[in-house]
Amino acid sequence: MKKTIDIITSLFVFVVMMDPADNILKLKIPLFILLFLLLLFKHKYISATAVRIIIIIYSICLITNVLGLLRGIDTDVNFALSIYKGFLMILLLLWTNEIKIIQYLNFPTVLISFIVVLIFIFMKFFPEINNLTYLYVDNYDLPIKIANRTFIGVDLLSVFYKTSPLCIFVAGVYLQKLMKNEGNRFTNFFMYTCAISVLIISGTRMNILSAFVITGFIIIMKTWNSHYGKFIAGIISFVGFIAILIIINMLINDRGEHSLEIKQTLSLAFQQQVFKDPLLLLIGEGPGATFDSLGIRGKNEVISELTYLDLIRWFGVPFTVIIILIYLYPVARIYKKRKKLNLSSVLTISYFLYLLIAGTNPILISSTGMLALLIMYTYAFNPTYESKESIVIE
């Protein structure tokens, strides 16, 4: 039974990463149900912490929706249901002490890397096929966005796979293993290269910055324990911090970037909604509540690209804080067990970077976001991770 659960878990993770919207394989829901039933049948005991988390999250959704409807808030019911569905994977938290997730990211990361690198190379060196590629991606509703972007005056071809932010975990794990000479050096380098290529070729600000931050962080960790390590690490940290601030400032003031202008307008739309309904800061308007996006998407839009502002608009500040604390709880648990967990630091930094990326992408309350949450909860609660770890390609 355990082997069967491991196989179904690996297949489920593969499908979530490769086909997050379930438009191609149509296997995400069947595999989730099968995995849930197998775990329910196999294990008699469930996590009391997980039960509380599930009750809290769905209670927040229901309370804010009911209050929103009582206040006459215009609500898109279909989108509201998609939020309830987006949280559905937290049911797997019931068995976080039994299942593993992170090692099953390896194969889909390699495959995603192959896909995006291939598209990037062909579009760069054979521009005559660009229009055909755009049409193919759109017609088949693939989880890929291709665009020509300009950052700080530099033209970039962006090939963004929608689950690419999850590759930050793989990049961090395998670079640490490479630096510590753990496992096969070629495998570690290959996996790190695959994961980093996905992040950089995605062409998005936060993905690219995250790739550099996680690389710099692990180099500093390695340097810290060497001769004069603290001094060298301090210099690297200072220079890196200044460089990141300069880059962020240049990106913020890059007036030629259309996506930045959209985010600034959506931020103003949120402020306008607060002035219109100040009570939303306290009790929210409920998932699916519409707002005027100031011409970006229309007067009855339900979601912006500013995830944490959306959470406040839906749930209010107090409930949003509770939800964020639920996302951060495994970090505290991992910190307490840091001496027993080999990957505690690198996974924590990777997770924080993921949460930053999610701030401007709708990947927090989705199967992608739930997978990131499961990575952290399973690592925090599964006791087998406390032994000497070896994460290999599955």
# chains A, B, ... in the order shown; residues from 1 in each chain; ligands from 1
>>> select_by_dssp(residues="segment 45-279 of chain A", states="strand (DSSP E or B)", output="list of chain:residue names")
A:Thr75, A:Ile144, A:Lys145, A:Ile146, A:Ala147, A:Asn148, A:Arg149, A:Thr150, A:Phe151, A:Val154, A:Asp155, A:Leu156, A:Leu157, A:Ser158, A:Val159, A:Phe160, A:Tyr161
>>> residues_around(residues="Arg185 of chain A", least_positions_apart="6", cutoff="10 Å", atoms="only C-alpha atoms", output="list in words")
Tyr174, Leu175, Lys177, Leu178, Met179 and Met191 of chain A
>>> write_last_selection(atoms="N, CA and C atoms", output="PDB file, in the first residue's frame")
ATOM      1  N   TYR A 174      19.376  21.458  -4.662  1.00  0.00           N
ATOM      2  CA  TYR A 174      20.488  20.823  -5.389  1.00  0.00           C
ATOM      3  C   TYR A 174      21.752  21.665  -5.403  1.00  0.00           C
ATOM      4  N   LEU A 175      21.617  22.992  -5.290  1.00  0.00           N
ATOM      5  CA  LEU A 175      22.825  23.791  -5.160  1.00  0.00           C
ATOM      6  C   LEU A 175      23.467  23.550  -3.796  1.00  0.00           C
ATOM      7  N   LYS A 177      23.267  20.760  -2.072  1.00  0.00           N
ATOM      8  CA  LYS A 177      23.888  19.436  -2.160  1.00  0.00           C
ATOM      9  C   LYS A 177      25.196  19.497  -2.943  1.00  0.00           C
ATOM     10  N   LEU A 178      25.219  20.323  -4.004  1.00  0.00           N
ATOM     11  CA  LEU A 178      26.430  20.481  -4.806  1.00  0.00           C
ATOM     12  C   LEU A 178      27.540  21.117  -3.975  1.00  0.00           C
ATOM     13  N   MET A 179      27.184  22.162  -3.219  1.00  0.00           N
ATOM     14  CA  MET A 179      28.171  22.870  -2.410  1.00  0.00           C
ATOM     15  C   MET A 179      28.708  22.005  -1.277  1.00  0.00           C
ATOM     16  N   MET A 191      20.458  19.165 -12.012  1.00  0.00           N
ATOM     17  CA  MET A 191      19.169  19.570 -11.457  1.00  0.00           C
ATOM     18  C   MET A 191      19.143  21.068 -11.167  1.00  0.00           C
TER      19      MET A 191
END
>>> closest_residue(among="A:Leu347, A:Glu182, A:Thr193, A:Asp22", to="Phe217 of chain A", atoms="only C-alpha atoms")
A:Leu347
>>> closest_residue(among="A:Ile146, A:Met123, A:Ala80, A:Leu111", to="Thr204 of chain A", atoms="only C-alpha atoms")
A:Ile146
>>> select_by_dssp(residues="segment 70-285 of chain A", states="alpha helix (DSSP H)", output="compact mmCIF listing (two decimals) with N, CA and C atoms, in the first residue's frame")
# COMPACT_ATOMS: atom_id res chain seq x y z
N LEU A 70 -24.82 39.50 2.69
CA LEU A 70 -25.73 40.27 3.54
C LEU A 70 -25.56 41.77 3.32
N VAL A 77 -20.12 34.05 -8.18
CA VAL A 77 -20.24 32.77 -7.48
C VAL A 77 -19.26 31.74 -8.03
N ASN A 78 -19.10 31.72 -9.35
CA ASN A 78 -18.18 30.75 -9.95
C ASN A 78 -16.75 30.96 -9.48
N PHE A 79 -16.35 32.22 -9.39
CA PHE A 79 -14.99 32.49 -8.92
C PHE A 79 -14.86 32.15 -7.44
N ALA A 80 -15.90 32.45 -6.66
CA ALA A 80 -15.88 32.11 -5.24
C ALA A 80 -15.68 30.60 -5.06
N LEU A 81 -16.39 29.83 -5.86
CA LEU A 81 -16.26 28.37 -5.79
C LEU A 81 -14.85 27.93 -6.19
N SER A 82 -14.23 28.67 -7.12
CA SER A 82 -12.86 28.32 -7.52
C SER A 82 -11.88 28.53 -6.38
N ILE A 83 -12.16 29.49 -5.49
CA ILE A 83 -11.31 29.70 -4.32
C ILE A 83 -11.47 28.53 -3.34
N TYR A 84 -12.71 28.10 -3.13
CA TYR A 84 -12.94 26.93 -2.28
C TYR A 84 -12.23 25.71 -2.86
N LYS A 85 -12.30 25.57 -4.17
CA LYS A 85 -11.63 24.46 -4.84
C LYS A 85 -10.11 24.59 -4.75
N GLY A 86 -9.63 25.85 -4.84
CA GLY A 86 -8.19 26.09 -4.76
C GLY A 86 -7.59 25.64 -3.44
N ASN A 106 11.33 16.72 -8.92
CA ASN A 106 12.53 16.62 -9.76
C ASN A 106 12.24 16.35 -11.23
N PHE A 107 11.51 15.29 -11.50
CA PHE A 107 11.27 14.94 -12.90
C PHE A 107 10.47 16.01 -13.65
N PRO A 108 9.36 16.53 -13.09
CA PRO A 108 8.65 17.60 -13.82
C PRO A 108 9.52 18.84 -14.02
N THR A 109 10.42 19.13 -13.08
CA THR A 109 11.32 20.28 -13.27
C THR A 109 12.21 20.08 -14.48
N VAL A 110 12.76 18.86 -14.63
CA VAL A 110 13.59 18.55 -15.80
C VAL A 110 12.78 18.69 -17.09
N LEU A 111 11.56 18.18 -17.07
CA LEU A 111 10.71 18.23 -18.27
C LEU A 111 10.32 19.67 -18.61
N ILE A 112 9.96 20.45 -17.61
CA ILE A 112 9.62 21.86 -17.84
C ILE A 112 10.83 22.60 -18.39
N SER A 113 12.00 22.32 -17.84
CA SER A 113 13.23 22.95 -18.32
C SER A 113 13.46 22.62 -19.79
N PHE A 114 13.29 21.36 -20.15
CA PHE A 114 13.45 20.94 -21.55
C PHE A 114 12.48 21.70 -22.46
N ILE A 115 11.24 21.84 -22.02
CA ILE A 115 10.22 22.51 -22.84
C ILE A 115 10.54 23.99 -23.03
N VAL A 116 10.83 24.70 -21.92
CA VAL A 116 11.03 26.15 -22.04
C VAL A 116 12.34 26.48 -22.75
N VAL A 117 13.38 25.68 -22.51
CA VAL A 117 14.66 25.93 -23.19
C VAL A 117 14.51 25.68 -24.69
N LEU A 118 13.80 24.62 -25.05
CA LEU A 118 13.58 24.30 -26.46
C LEU A 118 12.80 25.42 -27.16
N ILE A 119 11.73 25.88 -26.51
CA ILE A 119 10.93 26.98 -27.09
C ILE A 119 11.78 28.23 -27.22
N PHE A 120 12.55 28.54 -26.17
CA PHE A 120 13.41 29.73 -26.17
C PHE A 120 14.41 29.70 -27.32
N ILE A 121 15.09 28.57 -27.48
CA ILE A 121 16.12 28.44 -28.53
C ILE A 121 15.50 28.55 -29.92
N PHE A 122 14.40 27.84 -30.14
CA PHE A 122 13.78 27.87 -31.46
C PHE A 122 13.25 29.26 -31.81
N MET A 123 12.68 29.95 -30.84
CA MET A 123 12.13 31.28 -31.11
C MET A 123 13.24 32.31 -31.28
N LYS A 124 14.38 32.09 -30.64
CA LYS A 124 15.50 33.01 -30.78
C LYS A 124 16.22 32.84 -32.12
N PHE A 125 16.42 31.60 -32.52
CA PHE A 125 17.22 31.33 -33.71
C PHE A 125 16.39 31.09 -34.97
N ASN A 130 7.81 32.08 -34.85
CA ASN A 130 7.26 32.71 -33.64
C ASN A 130 5.74 32.77 -33.64
N ASN A 131 5.17 33.25 -34.75
CA ASN A 131 3.71 33.37 -34.82
C ASN A 131 3.03 32.02 -34.68
N LEU A 132 3.62 30.99 -35.29
CA LEU A 132 3.07 29.64 -35.19
C LEU A 132 3.12 29.14 -33.75
N THR A 133 4.21 29.45 -33.05
CA THR A 133 4.36 29.04 -31.65
C THR A 133 3.31 29.71 -30.77
N TYR A 134 3.12 31.02 -30.97
CA TYR A 134 2.10 31.76 -30.21
C TYR A 134 0.72 31.13 -30.41
N LEU A 135 0.40 30.85 -31.66
CA LEU A 135 -0.92 30.28 -31.98
C LEU A 135 -1.09 28.90 -31.35
N TYR A 136 -0.04 28.09 -31.41
CA TYR A 136 -0.12 26.73 -30.86
C TYR A 136 -0.35 26.77 -29.34
N VAL A 137 0.40 27.63 -28.66
CA VAL A 137 0.28 27.74 -27.20
C VAL A 137 -1.12 28.22 -26.83
N ASP A 138 -1.65 29.21 -27.57
CA ASP A 138 -2.98 29.75 -27.26
C ASP A 138 -4.09 28.76 -27.60
N ASN A 139 -4.00 28.13 -28.76
CA ASN A 139 -5.07 27.23 -29.21
C ASN A 139 -5.22 26.01 -28.32
N CYS A 167 10.13 25.77 -9.04
CA CYS A 167 11.50 25.33 -9.33
C CYS A 167 12.51 25.96 -8.38
N ILE A 168 12.11 27.01 -7.66
CA ILE A 168 13.02 27.63 -6.70
C ILE A 168 13.41 26.65 -5.60
N PHE A 169 12.49 25.75 -5.24
CA PHE A 169 12.80 24.73 -4.23
C PHE A 169 13.86 23.76 -4.74
N VAL A 170 13.71 23.33 -5.99
CA VAL A 170 14.65 22.38 -6.58
C VAL A 170 16.02 23.03 -6.74
N ALA A 171 16.04 24.28 -7.19
CA ALA A 171 17.31 24.99 -7.36
C ALA A 171 18.06 25.08 -6.04
N GLY A 172 17.35 25.45 -4.98
CA GLY A 172 18.00 25.60 -3.68
C GLY A 172 18.53 24.29 -3.13
N VAL A 173 17.72 23.24 -3.20
CA VAL A 173 18.12 21.93 -2.65
C VAL A 173 19.36 21.41 -3.35
N TYR A 174 19.38 21.46 -4.66
CA TYR A 174 20.49 20.82 -5.39
C TYR A 174 21.75 21.66 -5.40
N LEU A 175 21.62 22.99 -5.29
CA LEU A 175 22.83 23.79 -5.16
C LEU A 175 23.47 23.55 -3.80
N GLN A 176 22.65 23.42 -2.75
CA GLN A 176 23.20 23.11 -1.43
C GLN A 176 23.90 21.75 -1.45
N LYS A 177 23.27 20.76 -2.07
CA LYS A 177 23.89 19.44 -2.16
C LYS A 177 25.20 19.50 -2.94
N LEU A 178 25.22 20.32 -4.00
CA LEU A 178 26.43 20.48 -4.81
C LEU A 178 27.54 21.12 -3.97
N MET A 179 27.18 22.16 -3.22
CA MET A 179 28.17 22.87 -2.41
C MET A 179 28.71 22.00 -1.28
N ARG A 185 27.69 14.62 -7.95
CA ARG A 185 27.93 16.02 -8.32
C ARG A 185 27.28 16.37 -9.65
N PHE A 186 27.35 15.45 -10.62
CA PHE A 186 26.75 15.74 -11.93
C PHE A 186 25.23 15.89 -11.80
N THR A 187 24.60 14.98 -11.04
CA THR A 187 23.16 15.06 -10.84
C THR A 187 22.78 16.37 -10.17
N ASN A 188 23.53 16.74 -9.14
CA ASN A 188 23.25 17.99 -8.44
C ASN A 188 23.36 19.19 -9.36
N PHE A 189 24.44 19.23 -10.15
CA PHE A 189 24.65 20.35 -11.08
C PHE A 189 23.57 20.37 -12.16
N PHE A 190 23.23 19.20 -12.67
CA PHE A 190 22.21 19.10 -13.72
C PHE A 190 20.86 19.60 -13.21
N MET A 191 20.46 19.17 -12.01
CA MET A 191 19.17 19.57 -11.46
C MET A 191 19.14 21.07 -11.17
N TYR A 192 20.23 21.58 -10.60
CA TYR A 192 20.31 23.02 -10.34
C TYR A 192 20.21 23.82 -11.63
N THR A 193 20.94 23.38 -12.65
CA THR A 193 20.91 24.08 -13.94
C THR A 193 19.53 24.07 -14.56
N CYS A 194 18.85 22.94 -14.50
CA CYS A 194 17.49 22.84 -15.03
C CYS A 194 16.55 23.81 -14.32
N ALA A 195 16.60 23.81 -12.99
CA ALA A 195 15.70 24.65 -12.21
C ALA A 195 15.98 26.14 -12.44
N ILE A 196 17.25 26.51 -12.44
CA ILE A 196 17.62 27.92 -12.62
C ILE A 196 17.26 28.40 -14.03
N SER A 197 17.43 27.54 -15.03
CA SER A 197 17.10 27.93 -16.40
C SER A 197 15.61 28.23 -16.54
N VAL A 198 14.77 27.44 -15.86
CA VAL A 198 13.33 27.69 -15.91
C VAL A 198 13.01 29.05 -15.31
N LEU A 199 13.64 29.38 -14.18
CA LEU A 199 13.37 30.65 -13.51
C LEU A 199 13.84 31.84 -14.34
N ILE A 200 15.02 31.74 -14.92
CA ILE A 200 15.58 32.88 -15.65
C ILE A 200 14.88 33.07 -17.00
N ILE A 201 14.65 31.98 -17.72
CA ILE A 201 14.00 32.08 -19.03
C ILE A 201 12.55 32.54 -18.89
N ARG A 205 10.33 39.46 -13.30
CA ARG A 205 11.24 40.09 -12.35
C ARG A 205 11.54 39.19 -11.15
N MET A 206 10.47 38.75 -10.48
CA MET A 206 10.65 38.03 -9.23
C MET A 206 11.29 36.66 -9.44
N ASN A 207 10.96 35.98 -10.54
CA ASN A 207 11.60 34.70 -10.82
C ASN A 207 13.10 34.87 -11.00
N ILE A 208 13.49 35.88 -11.78
CA ILE A 208 14.92 36.11 -12.05
C ILE A 208 15.63 36.53 -10.77
N LEU A 209 15.05 37.48 -10.03
CA LEU A 209 15.67 37.91 -8.78
C LEU A 209 15.78 36.75 -7.79
N SER A 210 14.74 35.92 -7.73
CA SER A 210 14.76 34.77 -6.82
C SER A 210 15.87 33.79 -7.17
N ALA A 211 16.12 33.61 -8.46
CA ALA A 211 17.20 32.72 -8.90
C ALA A 211 18.55 33.22 -8.39
N PHE A 212 18.75 34.53 -8.46
CA PHE A 212 20.02 35.10 -7.99
C PHE A 212 20.10 35.08 -6.46
N VAL A 213 18.97 35.36 -5.81
CA VAL A 213 18.97 35.40 -4.34
C VAL A 213 19.26 34.03 -3.75
N ILE A 214 18.59 32.99 -4.25
CA ILE A 214 18.80 31.65 -3.69
C ILE A 214 20.23 31.17 -3.95
N THR A 215 20.78 31.52 -5.13
CA THR A 215 22.16 31.16 -5.45
C THR A 215 23.13 31.89 -4.52
N GLY A 216 22.91 33.20 -4.36
CA GLY A 216 23.78 33.98 -3.48
C GLY A 216 23.70 33.53 -2.04
N PHE A 217 22.49 33.20 -1.58
CA PHE A 217 22.30 32.77 -0.20
C PHE A 217 23.09 31.50 0.10
N ILE A 218 23.04 30.55 -0.82
CA ILE A 218 23.73 29.27 -0.57
C ILE A 218 25.24 29.43 -0.67
N ILE A 219 25.70 30.30 -1.56
CA ILE A 219 27.14 30.58 -1.64
C ILE A 219 27.62 31.22 -0.34
N ILE A 220 26.81 32.13 0.20
CA ILE A 220 27.15 32.77 1.49
C ILE A 220 27.18 31.73 2.60
N MET A 221 26.21 30.83 2.61
CA MET A 221 26.19 29.76 3.62
C MET A 221 27.46 28.92 3.55
N LYS A 222 27.88 28.61 2.33
CA LYS A 222 29.09 27.81 2.14
C LYS A 222 30.33 28.58 2.59
N THR A 223 30.39 29.85 2.22
CA THR A 223 31.53 30.69 2.54
C THR A 223 31.64 30.94 4.05
N TRP A 224 30.50 31.00 4.72
CA TRP A 224 30.44 31.34 6.14
C TRP A 224 31.31 30.42 7.00
N GLY A 229 35.62 33.12 6.62
CA GLY A 229 34.32 33.01 5.95
C GLY A 229 33.34 34.10 6.31
N LYS A 230 33.27 34.44 7.60
CA LYS A 230 32.30 35.44 8.03
C LYS A 230 32.61 36.80 7.42
N PHE A 231 33.90 37.13 7.31
CA PHE A 231 34.29 38.41 6.70
C PHE A 231 33.94 38.43 5.22
N ILE A 232 34.29 37.35 4.51
CA ILE A 232 34.00 37.26 3.07
C ILE A 232 32.50 37.24 2.83
N ALA A 233 31.80 36.44 3.64
CA ALA A 233 30.34 36.36 3.49
C ALA A 233 29.69 37.72 3.74
N GLY A 234 30.24 38.47 4.71
CA GLY A 234 29.71 39.80 5.01
C GLY A 234 29.85 40.74 3.82
N ILE A 235 31.01 40.68 3.18
CA ILE A 235 31.24 41.53 2.00
C ILE A 235 30.30 41.14 0.86
N ILE A 236 30.21 39.82 0.62
CA ILE A 236 29.31 39.34 -0.44
C ILE A 236 27.87 39.75 -0.15
N SER A 237 27.45 39.62 1.10
CA SER A 237 26.08 39.97 1.49
C SER A 237 25.82 41.45 1.27
N PHE A 238 26.77 42.28 1.69
CA PHE A 238 26.61 43.73 1.56
C PHE A 238 26.52 44.14 0.09
N VAL A 239 27.47 43.64 -0.71
CA VAL A 239 27.48 43.98 -2.14
C VAL A 239 26.20 43.47 -2.81
N GLY A 240 25.82 42.22 -2.48
CA GLY A 240 24.61 41.65 -3.06
C GLY A 240 23.37 42.43 -2.68
N PHE A 241 23.29 42.85 -1.40
CA PHE A 241 22.13 43.61 -0.93
C PHE A 241 22.02 44.95 -1.67
N ILE A 242 23.15 45.65 -1.81
CA ILE A 242 23.15 46.92 -2.53
C ILE A 242 22.75 46.71 -3.99
N ALA A 243 23.28 45.65 -4.61
CA ALA A 243 22.97 45.36 -6.01
C ALA A 243 21.48 45.09 -6.19
N ILE A 244 20.90 44.31 -5.27
CA ILE A 244 19.47 43.99 -5.35
C ILE A 244 18.63 45.25 -5.19
N LEU A 245 19.02 46.14 -4.25
CA LEU A 245 18.28 47.39 -4.06
C LEU A 245 18.33 48.25 -5.31
N ILE A 246 19.50 48.31 -5.95
CA ILE A 246 19.64 49.10 -7.18
C ILE A 246 18.77 48.52 -8.28
N ILE A 247 18.80 47.19 -8.42
CA ILE A 247 18.01 46.54 -9.46
C ILE A 247 16.51 46.75 -9.22
N ILE A 248 16.09 46.57 -7.96
CA ILE A 248 14.67 46.76 -7.63
C ILE A 248 14.24 48.19 -7.92
N ASN A 249 15.09 49.16 -7.54
CA ASN A 249 14.77 50.57 -7.80
C ASN A 249 14.66 50.84 -9.29
N MET A 250 15.55 50.26 -10.09
CA MET A 250 15.51 50.44 -11.54
C MET A 250 14.25 49.81 -12.12
N LEU A 251 13.86 48.64 -11.60
CA LEU A 251 12.67 47.96 -12.10
C LEU A 251 11.40 48.74 -11.74
N ILE A 252 11.36 49.27 -10.50
CA ILE A 252 10.19 50.03 -10.07
C ILE A 252 10.01 51.28 -10.91
N HIS A 258 5.03 47.47 -19.38
CA HIS A 258 3.57 47.52 -19.32
C HIS A 258 3.02 46.83 -18.08
N SER A 259 3.59 45.68 -17.71
CA SER A 259 3.06 44.93 -16.56
C SER A 259 3.20 45.72 -15.27
N LEU A 260 4.26 46.53 -15.15
CA LEU A 260 4.44 47.35 -13.96
C LEU A 260 3.36 48.43 -13.89
N GLU A 261 3.05 49.01 -15.02
CA GLU A 261 1.99 50.02 -15.07
C GLU A 261 0.64 49.42 -14.68
N ILE A 262 0.40 48.19 -15.11
CA ILE A 262 -0.85 47.49 -14.75
C ILE A 262 -0.93 47.31 -13.24
N LYS A 263 0.17 46.87 -12.62
CA LYS A 263 0.17 46.65 -11.17
C LYS A 263 -0.05 47.95 -10.41
N GLN A 264 0.54 49.05 -10.90
CA GLN A 264 0.34 50.33 -10.24
C GLN A 264 -1.12 50.78 -10.33
N THR A 265 -1.74 50.56 -11.47
CA THR A 265 -3.16 50.90 -11.65
C THR A 265 -4.05 50.04 -10.76
N LEU A 266 -3.73 48.75 -10.67
CA LEU A 266 -4.51 47.85 -9.81
C LEU A 266 -4.35 48.20 -8.34
N SER A 267 -3.20 48.71 -7.96
CA SER A 267 -3.00 49.17 -6.59
C SER A 267 -3.90 50.37 -6.30
N LEU A 268 -4.01 51.27 -7.27
CA LEU A 268 -4.92 52.41 -7.12
C LEU A 268 -6.37 51.95 -7.06
N ALA A 269 -6.69 50.90 -7.83
CA ALA A 269 -8.05 50.35 -7.82
C ALA A 269 -8.40 49.79 -6.44
N PHE A 270 -7.41 49.16 -5.80
CA PHE A 270 -7.63 48.64 -4.44
C PHE A 270 -7.90 49.79 -3.47
N GLN A 271 -7.10 50.86 -3.58
CA GLN A 271 -7.30 52.02 -2.71
C GLN A 271 -8.69 52.61 -2.92
N GLN A 272 -9.11 52.68 -4.17
CA GLN A 272 -10.43 53.22 -4.48
C GLN A 272 -11.53 52.35 -3.85
N GLN A 273 -11.33 51.02 -3.90
CA GLN A 273 -12.32 50.11 -3.32
C GLN A 273 -12.39 50.27 -1.80
N VAL A 274 -11.24 50.54 -1.17
CA VAL A 274 -11.22 50.76 0.28
C VAL A 274 -11.98 52.04 0.64
N PHE A 275 -11.77 53.10 -0.14
CA PHE A 275 -12.50 54.35 0.10
C PHE A 275 -14.01 54.15 -0.10
N LYS A 276 -14.34 53.32 -1.06
CA LYS A 276 -15.75 53.03 -1.35
C LYS A 276 -16.39 52.18 -0.26
N LEU A 280 -14.33 46.72 4.35
CA LEU A 280 -13.64 45.54 3.80
C LEU A 280 -12.32 45.30 4.53
N LEU A 281 -11.72 46.36 5.08
CA LEU A 281 -10.47 46.17 5.82
C LEU A 281 -10.68 45.34 7.07
N LEU A 282 -11.89 45.37 7.61
CA LEU A 282 -12.18 44.63 8.84
C LEU A 282 -12.74 43.24 8.57
N ILE A 283 -13.73 43.15 7.70
CA ILE A 283 -14.41 41.86 7.48
C ILE A 283 -14.35 41.37 6.04
>>> residues_around(residues="Ser47 of chain A", least_positions_apart="5", cutoff="10 Å", atoms="only C-alpha atoms", output="ChimeraX atom specification")
/A:52-53,92-97,381
>>> write_last_selection(atoms="C-alpha atoms", output="short mmCIF file (atom, residue, chain, number, x, y, z; two decimals), in the first residue's frame")
data_model
loop_
_atom_site.label_atom_id
_atom_site.label_comp_id
_atom_site.auth_asym_id
_atom_site.auth_seq_id
_atom_site.Cartn_x
_atom_site.Cartn_y
_atom_site.Cartn_z
CA ARG A 52 -7.96 22.94 12.77
CA ILE A 53 -6.31 24.55 9.73
CA LEU A 92 -3.71 16.30 2.31
CA LEU A 93 -2.35 18.14 5.36
CA LEU A 94 -4.20 15.49 7.35
CA TRP A 95 -1.32 13.11 6.59
CA THR A 96 1.71 15.41 6.50
CA ASN A 97 3.55 13.05 8.84
CA PHE A 381 6.03 17.13 10.15
#
>>> closest_residue(among="A:Gly286, A:Pro20, A:Pro127, A:Gly359", to="Val66 of chain A", atoms="only C-alpha atoms")
A:Gly286
>>> closest_atom_pairs(of="segment 4-86 of chain A", to="segment 371-379 of chain A", cutoff="10 Å", atoms="only C-alpha atoms", output="CSV")
residue,atom,partner,partner_atom,distance
A:Val13,CA,A:Leu371,CA,7.7
A:Val16,CA,A:Leu371,CA,8.0
A:Met17,CA,A:Leu371,CA,8.8
A:Ala50,CA,A:Tyr377,CA,9.7
>>> write_last_selection(atoms="C-alpha atoms", output="PDB file, in the first residue's frame")
ATOM      1  CA  VAL A  13       2.718  16.120  -8.179  1.00  0.00           C
ATOM      2  CA  VAL A  16      -0.044  19.516 -10.807  1.00  0.00           C
ATOM      3  CA  MET A  17       3.272  20.865 -12.094  1.00  0.00           C
ATOM      4  CA  ALA A  50      -4.471  19.949   9.994  1.00  0.00           C
TER       5      ALA A  50
END
